[in-house]
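Notes follow the structure.
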Amino acid sequence: MSGTSLLVADDLRKSFGATPALDGASMEVDAGEIVAVMGPSGSGKSTLLHCVAGIVRPDSGRVFYGGREISLLRDAERSALRRGQFGFVFQFGQLVPELTCLENVALPLRLERMRRRAAERQAAQWLERLEVGDVAGKRPGEVSGGQGQRVAVARALVTSPKVIFADEPTGALDSLNGERVMRLLTAAARETHAAVVLVTHEARVAAYSDREIVVRDGRTRDMARAVS
Amino acid sequence: MGTGAGQEPDLSLTTPRLYIVRIDVVYSAPHVDRTDLPRAAGVQPRHGYDLKRAYDERFGRSRPLHFGQVYATLSRLLKNGLVEVDGVEPGGGPDRKRYAITDAGVTDVSRWLAQPEKPEPYLQSTLYAKVVLALMTGRPAADLLDSQRAEHLRLMRELTRRKSDGDLAEQLICDHALFHLEADLRWLELTAARLDDLAKEVSA
Ligand SMILES: Nc1ncnc2c1ncn2[C@@H]1O[C@H](COP(=O)(O)OP(=O)(O)OP(=O)(O)O)[C@@H](O)[C@H]1O
Ligand SMILES: [Mg+2]
């Protein structure tokens with residue numbers, strides 16, 4: 001196991017009842033690297049992402065972040081890690097409907113006890129950056145899918161995370177909007193030197209990554225490292 | 001580094017170059033009403049060399065025209081009355097003549113633009129043949145599909161990078177290639193999922 005990788009998952013197994021979702025999955029992600037996780041529906045991509053991000057505990061196998069084993073952390077430590085170091089973007093339904101887009105983006109900072117004014121100032125900058133500054137005062141129900149997704153990306157980036165976990169971030173968008181989300185997400189990640197774990201079954205989306213990992217029947221195949 | 005580095009992907013349009021050169025001559029026609037043309041640039045009759053440069057700039061970034069192609073095309077157009085020689089400058093060299101489009105040429109371009117292209121049927125697939133041959137000879141077909149996917153993605157990454165550095169024209173050209181490569185990849189996925197069934201059929 002390489003000691004230099006930011007994120008390491010080693011031989012993960014996870015079953016839901018009798019269904020094995022992961023059956024020996026391993027992956028490594030370096031700092032600042034954009035890695036696509038590809039594979040057919042039901043192959044275990046989302047389960048892998050959830051395990052690696054410390055949201056789901058695997059039945060066996062180990063996950064390391066910065067050399068620390070995540071599964072050994074207490075729940076409070078694990079959520080602190082998720083809040084402080086990780087950002088998340090999902091396919092849909094992740095914005096709080098009662099809050100404005102600006103408040104949604106400021107939320108992770110508020111949870112870290114930043115003052116409202118400062119948090120909203122930073123949030124506004126990220127909205128601008130993601131080219132949705134104009135929807136700051138609207139609620140998620142009042143913006144388009146593409147705009148909502150860019151707000152979600154802004155929220156994932158506002159804490160300057162070291163890793164962004166994105167599960168089908170363009171899954172509900174048309175080509176043009178998906179393209180825009182990917183362009184802005186990867187540009188921002190490169191600039192802030194954040195790593196991205198990008199789950200997608202779309203090749204055009206995966207083409208924004210540096211390399212791909214293929215999941216099939218709960219097992220991973222790291223193409224770049226398999227070839228060399 | 002990767003095998004894809006250094007070798008420029010071939011993005012040349014499959015459109016017959018003859019017509020593309022012809023379009024450029026349209027732009028240079030002195031007596032055509034240009035209000036219905038998409039671009040009013042380059043209004044004067046052109047030399048073969050100017051046509052080549054205009055073509056390369058717009059369509060031939062990864063595969064420029066040869067001078068020979070330009071002059072062969074122009075002489076064909078000339079023979080068919082689709083362009084005419086607008087003036088000849090004194091001196092030697094092949095680029096003395098300036099060409100302008102004729103009315104027949106304008107009609108011909110309109111007809112060509114209005115006529116839909118024949119869709120590519122894609123029924124002759126080397127990839128399919130390789131998969132079947134691998135199965136017939138007991139070689140690992142799944143590995144073949146995997147390494148093909150990696151190769152496709154390598155090119156797609158390169159095009160995606162190129163697209164983000166390029167102008168709108170570059171983006172459209174790269175997108176055209178990216179959507180086609182994506183279609184290949186979807187086929188690879190589907191075939192990977194059906195490999196066991198295909199193996200049974202092949203060995204039957
Ligand atoms: N919370 C859960 N409860 C029960 N079964 C689950 C749960 N989550 C995942 N599974 C099962 O585990 C397997 C892998 O699911 P997972 O969601 O990881 O696949 P995926 O690759 O993300 O698929 P998709 O591309 O459709 O999102 C599937 O068989 C799925 O039904
Ligand atoms: Mg999933």
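So you can find residues: chains in the structure tokens are A, B, ... in the order shown, residues in each start at 1, and ligands are numbered from 1 in order.
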
Using only C-alpha atoms and a cut-off of 10 Å, which residues of chain A sit close to chain B? Please list them as a PyMOL selection string. chain A and resi 39-40+183+187+201-212+214+216+221+223-224+226-227

With only C-alpha atoms as the counted atoms, please give the residues lying no more than 12 Å from Glu142 (chain A), apart from itself and same-chain residues fewer than 5 positions off, as a list in words. Leu95, Pro97, Glu98, Leu99, Thr100, Cys101, Val135, Ala136, Gly137, Gln147 and Gly148 of chain A

Could you save the residues just selected, with all heavy atoms, as a tab-separated table (two decimals), in the first residue's frame?
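The result, written out as selection.tsv:
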```
chain	number	residue	atom	x	y	z
A	95	LEU	N	-30.02	20.20	-1.72
A	95	LEU	CA	-30.11	21.55	-1.16
A	95	LEU	C	-31.30	21.61	-0.21
A	95	LEU	O	-32.32	20.96	-0.42
A	95	LEU	CB	-30.28	22.57	-2.29
A	95	LEU	CG	-29.11	22.66	-3.28
A	95	LEU	CD1	-29.44	23.59	-4.43
A	95	LEU	CD2	-27.83	23.09	-2.59
A	97	PRO	N	-34.53	22.96	0.98
A	97	PRO	CA	-35.51	23.73	0.22
A	97	PRO	C	-35.96	25.03	0.89
A	97	PRO	O	-36.35	25.97	0.21
A	97	PRO	CB	-36.69	22.76	0.06
A	97	PRO	CG	-36.45	21.64	1.00
A	97	PRO	CD	-35.00	21.62	1.34
A	98	GLU	N	-35.88	25.08	2.24
A	98	GLU	CA	-36.37	26.27	2.94
A	98	GLU	C	-35.37	27.42	2.90
A	98	GLU	O	-35.72	28.56	3.19
A	98	GLU	CB	-36.69	25.95	4.41
A	98	GLU	CG	-37.86	25.00	4.62
A	98	GLU	CD	-37.47	23.55	4.42
A	98	GLU	OE1	-36.25	23.26	4.35
A	98	GLU	OE2	-38.38	22.70	4.31
A	99	LEU	N	-34.11	27.11	2.60
A	99	LEU	CA	-33.08	28.16	2.61
A	99	LEU	C	-32.88	28.71	1.21
A	99	LEU	O	-33.14	28.03	0.23
A	99	LEU	CB	-31.75	27.57	3.11
A	99	LEU	CG	-31.73	26.98	4.51
A	99	LEU	CD1	-30.34	26.46	4.85
A	99	LEU	CD2	-32.19	28.00	5.55
A	100	THR	N	-32.41	29.94	1.13
A	100	THR	CA	-32.04	30.48	-0.18
A	100	THR	C	-30.76	29.78	-0.66
A	100	THR	O	-30.07	29.11	0.12
A	100	THR	CB	-31.75	31.99	-0.12
A	100	THR	OG1	-30.58	32.18	0.69
A	100	THR	CG2	-32.92	32.76	0.46
A	101	CYS	N	-30.46	29.98	-1.94
A	101	CYS	CA	-29.24	29.37	-2.47
A	101	CYS	C	-28.01	29.89	-1.73
A	101	CYS	O	-27.10	29.12	-1.41
A	101	CYS	CB	-29.13	29.63	-3.98
A	101	CYS	SG	-30.36	28.71	-4.92
A	135	VAL	N	-28.72	33.81	-8.69
A	135	VAL	CA	-29.80	33.08	-8.02
A	135	VAL	C	-29.63	33.08	-6.50
A	135	VAL	O	-30.37	32.39	-5.78
A	135	VAL	CB	-29.91	31.61	-8.52
A	135	VAL	CG1	-30.11	31.57	-10.01
A	135	VAL	CG2	-28.71	30.77	-8.09
A	136	ALA	N	-28.68	33.88	-5.99
A	136	ALA	CA	-28.35	33.86	-4.56
A	136	ALA	C	-29.59	33.95	-3.66
A	136	ALA	O	-29.71	33.23	-2.68
A	136	ALA	CB	-27.38	35.00	-4.23
A	137	GLY	N	-30.53	34.83	-4.01
A	137	GLY	CA	-31.67	35.07	-3.15
A	137	GLY	C	-32.84	34.12	-3.38
A	137	GLY	O	-33.85	34.17	-2.68
A	147	GLN	N	-28.76	25.12	-12.69
A	147	GLN	CA	-28.37	26.14	-11.72
A	147	GLN	C	-28.24	25.52	-10.33
A	147	GLN	O	-27.27	25.76	-9.62
A	147	GLN	CB	-29.40	27.27	-11.68
A	147	GLN	CG	-29.37	28.15	-12.93
A	147	GLN	CD	-30.57	29.07	-13.02
A	147	GLN	OE1	-31.65	28.76	-12.48
A	147	GLN	NE2	-30.41	30.19	-13.70
A	148	GLY	N	-29.24	24.69	-9.97
A	148	GLY	CA	-29.23	24.04	-8.66
A	148	GLY	C	-27.97	23.21	-8.47
A	148	GLY	O	-27.37	23.19	-7.39
```

Distance filter 7 Å around ligand 2, atoms: only C-alpha atoms and all ligand atoms, out as a list in words: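 Written in the requested form, the residues are Ser41, Gly42, Lys45, Ser46 and Asp167 of chain A.
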
The selected residues should be written to file as a PDB file, in the first residue's frame (atoms: C-alpha atoms).
```pdb
ATOM      1  CA  SER A  41     -25.623   0.217 -12.776  1.00  0.00           C
ATOM      2  CA  GLY A  42     -25.646  -1.765  -9.543  1.00  0.00           C
ATOM      3  CA  LYS A  45     -19.979   2.579  -7.378  1.00  0.00           C
ATOM      4  CA  SER A  46     -22.097   4.553  -4.896  1.00  0.00           C
ATOM      5  CA  ASP A 167     -21.926  10.875  -7.352  1.00  0.00           C
TER       6      ASP A 167
END
```

Ligand 1: which residues are within 10 Å, counting only C-alpha atoms and all ligand atoms, as a VMD selection string? chain A and resid 14 to 22 37 to 51 56 91 167 to 168 171 199 to 201 215 to 218

Requested write-out: N, CA and C atoms of the selected residues, as an mmCIF file, in the first residue's frame:
```
data_model
loop_
_atom_site.group_PDB
_atom_site.id
_atom_site.type_symbol
_atom_site.label_atom_id
_atom_site.label_comp_id
_atom_site.auth_asym_id
_atom_site.auth_seq_id
_atom_site.Cartn_x
_atom_site.Cartn_y
_atom_site.Cartn_z
ATOM 1 N N LYS A 14 -18.793 -5.176 1.442
ATOM 2 C CA LYS A 14 -20.000 -4.656 2.082
ATOM 3 C C LYS A 14 -21.212 -5.354 1.485
ATOM 4 N N SER A 15 -22.057 -5.911 2.350
ATOM 5 C CA SER A 15 -23.286 -6.554 1.869
ATOM 6 C C SER A 15 -24.485 -5.863 2.478
ATOM 7 N N PHE A 16 -25.551 -5.800 1.716
ATOM 8 C CA PHE A 16 -26.849 -5.360 2.243
ATOM 9 C C PHE A 16 -27.711 -6.606 2.284
ATOM 10 N N GLY A 17 -27.918 -7.195 3.474
ATOM 11 C CA GLY A 17 -28.589 -8.494 3.538
ATOM 12 C C GLY A 17 -27.762 -9.507 2.778
ATOM 13 N N ALA A 18 -28.410 -10.192 1.837
ATOM 14 C CA ALA A 18 -27.690 -11.219 1.085
ATOM 15 C C ALA A 18 -26.971 -10.647 -0.128
ATOM 16 N N THR A 19 -27.240 -9.361 -0.430
ATOM 17 C CA THR A 19 -26.654 -8.766 -1.644
ATOM 18 C C THR A 19 -25.244 -8.252 -1.377
ATOM 19 N N PRO A 20 -24.229 -8.828 -2.003
ATOM 20 C CA PRO A 20 -22.902 -8.230 -1.857
ATOM 21 C C PRO A 20 -22.775 -7.019 -2.778
ATOM 22 N N ALA A 21 -22.619 -5.850 -2.185
ATOM 23 C CA ALA A 21 -22.478 -4.632 -3.001
ATOM 24 C C ALA A 21 -21.015 -4.396 -3.340
ATOM 25 N N LEU A 22 -20.139 -4.654 -2.361
ATOM 26 C CA LEU A 22 -18.695 -4.574 -2.621
ATOM 27 C C LEU A 22 -18.086 -5.920 -2.262
ATOM 28 N N VAL A 37 -14.886 7.028 -11.201
ATOM 29 C CA VAL A 37 -15.288 5.670 -10.858
ATOM 30 C C VAL A 37 -16.411 5.290 -11.805
ATOM 31 N N MET A 38 -16.132 4.315 -12.662
ATOM 32 C CA MET A 38 -17.089 3.950 -13.705
ATOM 33 C C MET A 38 -17.559 2.512 -13.512
ATOM 34 N N GLY A 39 -18.614 2.160 -14.227
ATOM 35 C CA GLY A 39 -19.097 0.784 -14.157
ATOM 36 C C GLY A 39 -20.593 0.748 -14.333
ATOM 37 N N PRO A 40 -21.133 -0.443 -14.630
ATOM 38 C CA PRO A 40 -22.569 -0.552 -14.880
ATOM 39 C C PRO A 40 -23.411 -0.263 -13.636
ATOM 40 N N SER A 41 -24.689 -0.035 -13.865
ATOM 41 C CA SER A 41 -25.623 0.217 -12.776
ATOM 42 C C SER A 41 -25.647 -0.985 -11.827
ATOM 43 N N GLY A 42 -25.589 -0.701 -10.533
ATOM 44 C CA GLY A 42 -25.646 -1.765 -9.543
ATOM 45 C C GLY A 42 -24.310 -2.436 -9.279
ATOM 46 N N SER A 43 -23.249 -1.946 -9.893
ATOM 47 C CA SER A 43 -21.947 -2.600 -9.722
ATOM 48 C C SER A 43 -21.287 -2.254 -8.384
ATOM 49 N N GLY A 44 -21.801 -1.211 -7.705
ATOM 50 C CA GLY A 44 -21.263 -0.879 -6.391
ATOM 51 C C GLY A 44 -20.539 0.462 -6.312
ATOM 52 N N LYS A 45 -20.693 1.296 -7.334
ATOM 53 C CA LYS A 45 -19.979 2.579 -7.378
ATOM 54 C C LYS A 45 -20.346 3.473 -6.192
ATOM 55 N N SER A 46 -21.664 3.651 -5.974
ATOM 56 C CA SER A 46 -22.097 4.553 -4.896
ATOM 57 C C SER A 46 -21.699 3.988 -3.543
ATOM 58 N N THR A 47 -21.828 2.675 -3.385
ATOM 59 C CA THR A 47 -21.444 2.049 -2.116
ATOM 60 C C THR A 47 -19.957 2.281 -1.858
ATOM 61 N N LEU A 48 -19.156 2.163 -2.895
ATOM 62 C CA LEU A 48 -17.716 2.409 -2.753
ATOM 63 C C LEU A 48 -17.468 3.853 -2.313
ATOM 64 N N LEU A 49 -18.142 4.780 -2.972
ATOM 65 C CA LEU A 49 -17.971 6.189 -2.607
ATOM 66 C C LEU A 49 -18.373 6.431 -1.152
ATOM 67 N N HIS A 50 -19.502 5.848 -0.748
ATOM 68 C CA HIS A 50 -19.966 6.052 0.630
ATOM 69 C C HIS A 50 -18.982 5.478 1.645
ATOM 70 N N CYS A 51 -18.396 4.326 1.319
ATOM 71 C CA CYS A 51 -17.410 3.729 2.235
ATOM 72 C C CYS A 51 -16.157 4.589 2.315
ATOM 73 N N VAL A 56 -20.573 5.230 5.099
ATOM 74 C CA VAL A 56 -20.993 3.848 5.366
ATOM 75 C C VAL A 56 -19.773 3.075 5.850
ATOM 76 N N GLN A 91 -26.585 13.545 -7.169
ATOM 77 C CA GLN A 91 -27.376 13.749 -8.385
ATOM 78 C C GLN A 91 -28.508 14.747 -8.186
ATOM 79 N N ASP A 167 -21.250 12.078 -6.861
ATOM 80 C CA ASP A 167 -21.926 10.875 -7.352
ATOM 81 C C ASP A 167 -22.911 11.277 -8.450
ATOM 82 N N GLU A 168 -22.591 10.971 -9.693
ATOM 83 C CA GLU A 168 -23.406 11.342 -10.845
ATOM 84 C C GLU A 168 -23.829 12.810 -10.794
ATOM 85 N N GLY A 171 -25.984 13.678 -13.668
ATOM 86 C CA GLY A 171 -26.934 12.628 -14.051
ATOM 87 C C GLY A 171 -28.294 13.148 -14.476
ATOM 88 N N VAL A 199 -18.084 9.685 -9.440
ATOM 89 C CA VAL A 199 -18.810 8.498 -9.898
ATOM 90 C C VAL A 199 -19.651 8.872 -11.109
ATOM 91 N N THR A 200 -19.475 8.138 -12.190
ATOM 92 C CA THR A 200 -20.277 8.421 -13.378
ATOM 93 C C THR A 200 -20.295 7.207 -14.288
ATOM 94 N N HIS A 201 -21.383 7.044 -15.034
ATOM 95 C CA HIS A 201 -21.319 6.008 -16.058
ATOM 96 C C HIS A 201 -21.237 6.631 -17.450
ATOM 97 N N VAL A 215 -15.565 -0.392 -11.785
ATOM 98 C CA VAL A 215 -16.150 -1.319 -10.814
ATOM 99 C C VAL A 215 -17.044 -2.286 -11.556
ATOM 100 N N ARG A 216 -16.855 -3.558 -11.293
ATOM 101 C CA ARG A 216 -17.733 -4.555 -11.891
ATOM 102 C C ARG A 216 -18.035 -5.602 -10.831
ATOM 103 N N ASP A 217 -19.317 -5.862 -10.587
ATOM 104 C CA ASP A 217 -19.732 -6.834 -9.569
ATOM 105 C C ASP A 217 -19.028 -6.612 -8.228
ATOM 106 N N GLY A 218 -18.913 -5.348 -7.833
ATOM 107 C CA GLY A 218 -18.353 -5.047 -6.527
ATOM 108 C C GLY A 218 -16.838 -5.117 -6.447
#
```

Taking the chain letters and numbering used in this document, name the residues of region 9-212 of chain A that DSSP puts in strand (DSSP E or B), as a PyMOL selection string. chain A and resi 9-16+19-29+34-38+60-65+68-69+86-89+163-167+195-199+211-212

9 Å contact set for Leu111 (chain A), only C-alpha atoms, chain neighbours under 4 positions out, as a CSV table (one decimal) with N, CA and C atoms, in the first residue's frame:
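That gives us around-v2.csv:
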```csv
chain,number,residue,atom,x,y,z
A,83,ARG,N,-17.0,17.0,7.5
A,83,ARG,CA,-17.4,18.4,7.4
A,83,ARG,C,-16.2,19.3,7.0
A,106,ALA,N,-23.7,28.9,2.3
A,106,ALA,CA,-23.1,29.3,3.5
A,106,ALA,C,-23.2,28.3,4.6
A,107,LEU,N,-24.1,27.4,4.5
A,107,LEU,CA,-24.5,26.4,5.6
A,107,LEU,C,-23.3,25.7,6.2
```

Give me the residues within 12 Å of Thr191 (chain B) as a ChimeraX atom specification, counting only C-alpha atoms and dropping any in the same chain fewer than 3 places off. /A:40 /B:127-128,131-132,141-142,144-146,149,184-188,194-199

Export, as an mmCIF file, in the first residue's frame, the selected residues with N, CA, C and O atoms.
```cif
data_model
loop_
_atom_site.group_PDB
_atom_site.id
_atom_site.type_symbol
_atom_site.label_atom_id
_atom_site.label_comp_id
_atom_site.auth_asym_id
_atom_site.auth_seq_id
_atom_site.Cartn_x
_atom_site.Cartn_y
_atom_site.Cartn_z
ATOM 1 N N PRO A 40 -21.133 -0.443 -14.630
ATOM 2 C CA PRO A 40 -22.569 -0.552 -14.880
ATOM 3 C C PRO A 40 -23.411 -0.263 -13.636
ATOM 4 O O PRO A 40 -22.890 -0.264 -12.526
ATOM 5 N N LEU B 127 -13.901 -3.802 -34.020
ATOM 6 C CA LEU B 127 -14.000 -4.198 -32.621
ATOM 7 C C LEU B 127 -14.859 -5.444 -32.461
ATOM 8 O O LEU B 127 -14.509 -6.371 -31.734
ATOM 9 N N TYR B 128 -15.985 -5.445 -33.167
ATOM 10 C CA TYR B 128 -16.851 -6.620 -33.095
ATOM 11 C C TYR B 128 -16.098 -7.858 -33.588
ATOM 12 O O TYR B 128 -16.131 -8.916 -32.957
ATOM 13 N N VAL B 131 -13.704 -9.116 -30.984
ATOM 14 C CA VAL B 131 -14.357 -9.790 -29.860
ATOM 15 C C VAL B 131 -14.725 -11.217 -30.253
ATOM 16 O O VAL B 131 -14.456 -12.183 -29.524
ATOM 17 N N VAL B 132 -15.318 -11.365 -31.432
ATOM 18 C CA VAL B 132 -15.734 -12.697 -31.873
ATOM 19 C C VAL B 132 -14.516 -13.611 -32.052
ATOM 20 O O VAL B 132 -14.519 -14.767 -31.617
ATOM 21 N N ALA B 141 -11.737 -12.177 -23.964
ATOM 22 C CA ALA B 141 -12.407 -11.078 -24.666
ATOM 23 C C ALA B 141 -12.675 -9.899 -23.733
ATOM 24 O O ALA B 141 -12.670 -8.744 -24.157
ATOM 25 N N ALA B 142 -12.899 -10.188 -22.453
ATOM 26 C CA ALA B 142 -13.180 -9.102 -21.508
ATOM 27 C C ALA B 142 -11.979 -8.173 -21.388
ATOM 28 O O ALA B 142 -12.134 -6.948 -21.293
ATOM 29 N N LEU B 144 -9.792 -7.563 -23.665
ATOM 30 C CA LEU B 144 -9.759 -6.782 -24.905
ATOM 31 C C LEU B 144 -10.687 -5.578 -24.800
ATOM 32 O O LEU B 144 -10.321 -4.456 -25.155
ATOM 33 N N LEU B 145 -11.894 -5.813 -24.276
ATOM 34 C CA LEU B 145 -12.849 -4.714 -24.136
ATOM 35 C C LEU B 145 -12.336 -3.673 -23.145
ATOM 36 O O LEU B 145 -12.470 -2.467 -23.363
ATOM 37 N N ASP B 146 -11.734 -4.159 -22.055
ATOM 38 C CA ASP B 146 -11.206 -3.240 -21.040
ATOM 39 C C ASP B 146 -10.097 -2.363 -21.591
ATOM 40 O O ASP B 146 -10.066 -1.155 -21.346
ATOM 41 N N ARG B 149 -11.476 0.228 -23.882
ATOM 42 C CA ARG B 149 -12.116 1.315 -23.152
ATOM 43 C C ARG B 149 -11.073 2.318 -22.666
ATOM 44 O O ARG B 149 -11.230 3.531 -22.796
ATOM 45 N N ASP B 184 -19.164 4.449 -29.004
ATOM 46 C CA ASP B 184 -18.333 3.239 -29.004
ATOM 47 C C ASP B 184 -18.246 2.635 -27.610
ATOM 48 O O ASP B 184 -18.367 1.430 -27.418
ATOM 49 N N LEU B 185 -18.025 3.514 -26.632
ATOM 50 C CA LEU B 185 -17.855 3.034 -25.270
ATOM 51 C C LEU B 185 -19.119 2.398 -24.724
ATOM 52 O O LEU B 185 -19.071 1.417 -23.992
ATOM 53 N N ARG B 186 -20.250 2.961 -25.094
ATOM 54 C CA ARG B 186 -21.514 2.358 -24.633
ATOM 55 C C ARG B 186 -21.669 0.978 -25.246
ATOM 56 O O ARG B 186 -22.161 0.044 -24.608
ATOM 57 N N TRP B 187 -21.238 0.862 -26.484
ATOM 58 C CA TRP B 187 -21.295 -0.450 -27.126
ATOM 59 C C TRP B 187 -20.360 -1.428 -26.412
ATOM 60 O O TRP B 187 -20.697 -2.582 -26.181
ATOM 61 N N LEU B 188 -19.187 -0.961 -26.039
ATOM 62 C CA LEU B 188 -18.232 -1.817 -25.325
ATOM 63 C C LEU B 188 -18.835 -2.314 -24.012
ATOM 64 O O LEU B 188 -18.711 -3.491 -23.665
ATOM 65 N N ARG B 194 -22.771 -8.781 -22.228
ATOM 66 C CA ARG B 194 -23.369 -9.890 -22.967
ATOM 67 C C ARG B 194 -22.344 -10.925 -23.407
ATOM 68 O O ARG B 194 -22.646 -11.770 -24.250
ATOM 69 N N LEU B 195 -21.154 -10.831 -22.856
ATOM 70 C CA LEU B 195 -20.058 -11.657 -23.337
ATOM 71 C C LEU B 195 -20.328 -13.153 -23.163
ATOM 72 O O LEU B 195 -20.018 -13.958 -24.056
ATOM 73 N N ASP B 196 -20.939 -13.513 -22.041
ATOM 74 C CA ASP B 196 -21.193 -14.939 -21.806
ATOM 75 C C ASP B 196 -22.153 -15.503 -22.849
ATOM 76 O O ASP B 196 -21.941 -16.588 -23.387
ATOM 77 N N ASP B 197 -23.210 -14.731 -23.140
ATOM 78 C CA ASP B 197 -24.175 -15.178 -24.148
ATOM 79 C C ASP B 197 -23.521 -15.288 -25.518
ATOM 80 O O ASP B 197 -23.747 -16.256 -26.252
ATOM 81 N N LEU B 198 -22.714 -14.300 -25.837
ATOM 82 C CA LEU B 198 -22.055 -14.298 -27.140
ATOM 83 C C LEU B 198 -21.109 -15.498 -27.253
ATOM 84 O O LEU B 198 -21.036 -16.154 -28.299
ATOM 85 N N ALA B 199 -20.399 -15.798 -26.153
ATOM 86 C CA ALA B 199 -19.476 -16.936 -26.162
ATOM 87 C C ALA B 199 -20.229 -18.218 -26.476
ATOM 88 O O ALA B 199 -19.764 -19.055 -27.259
#
```
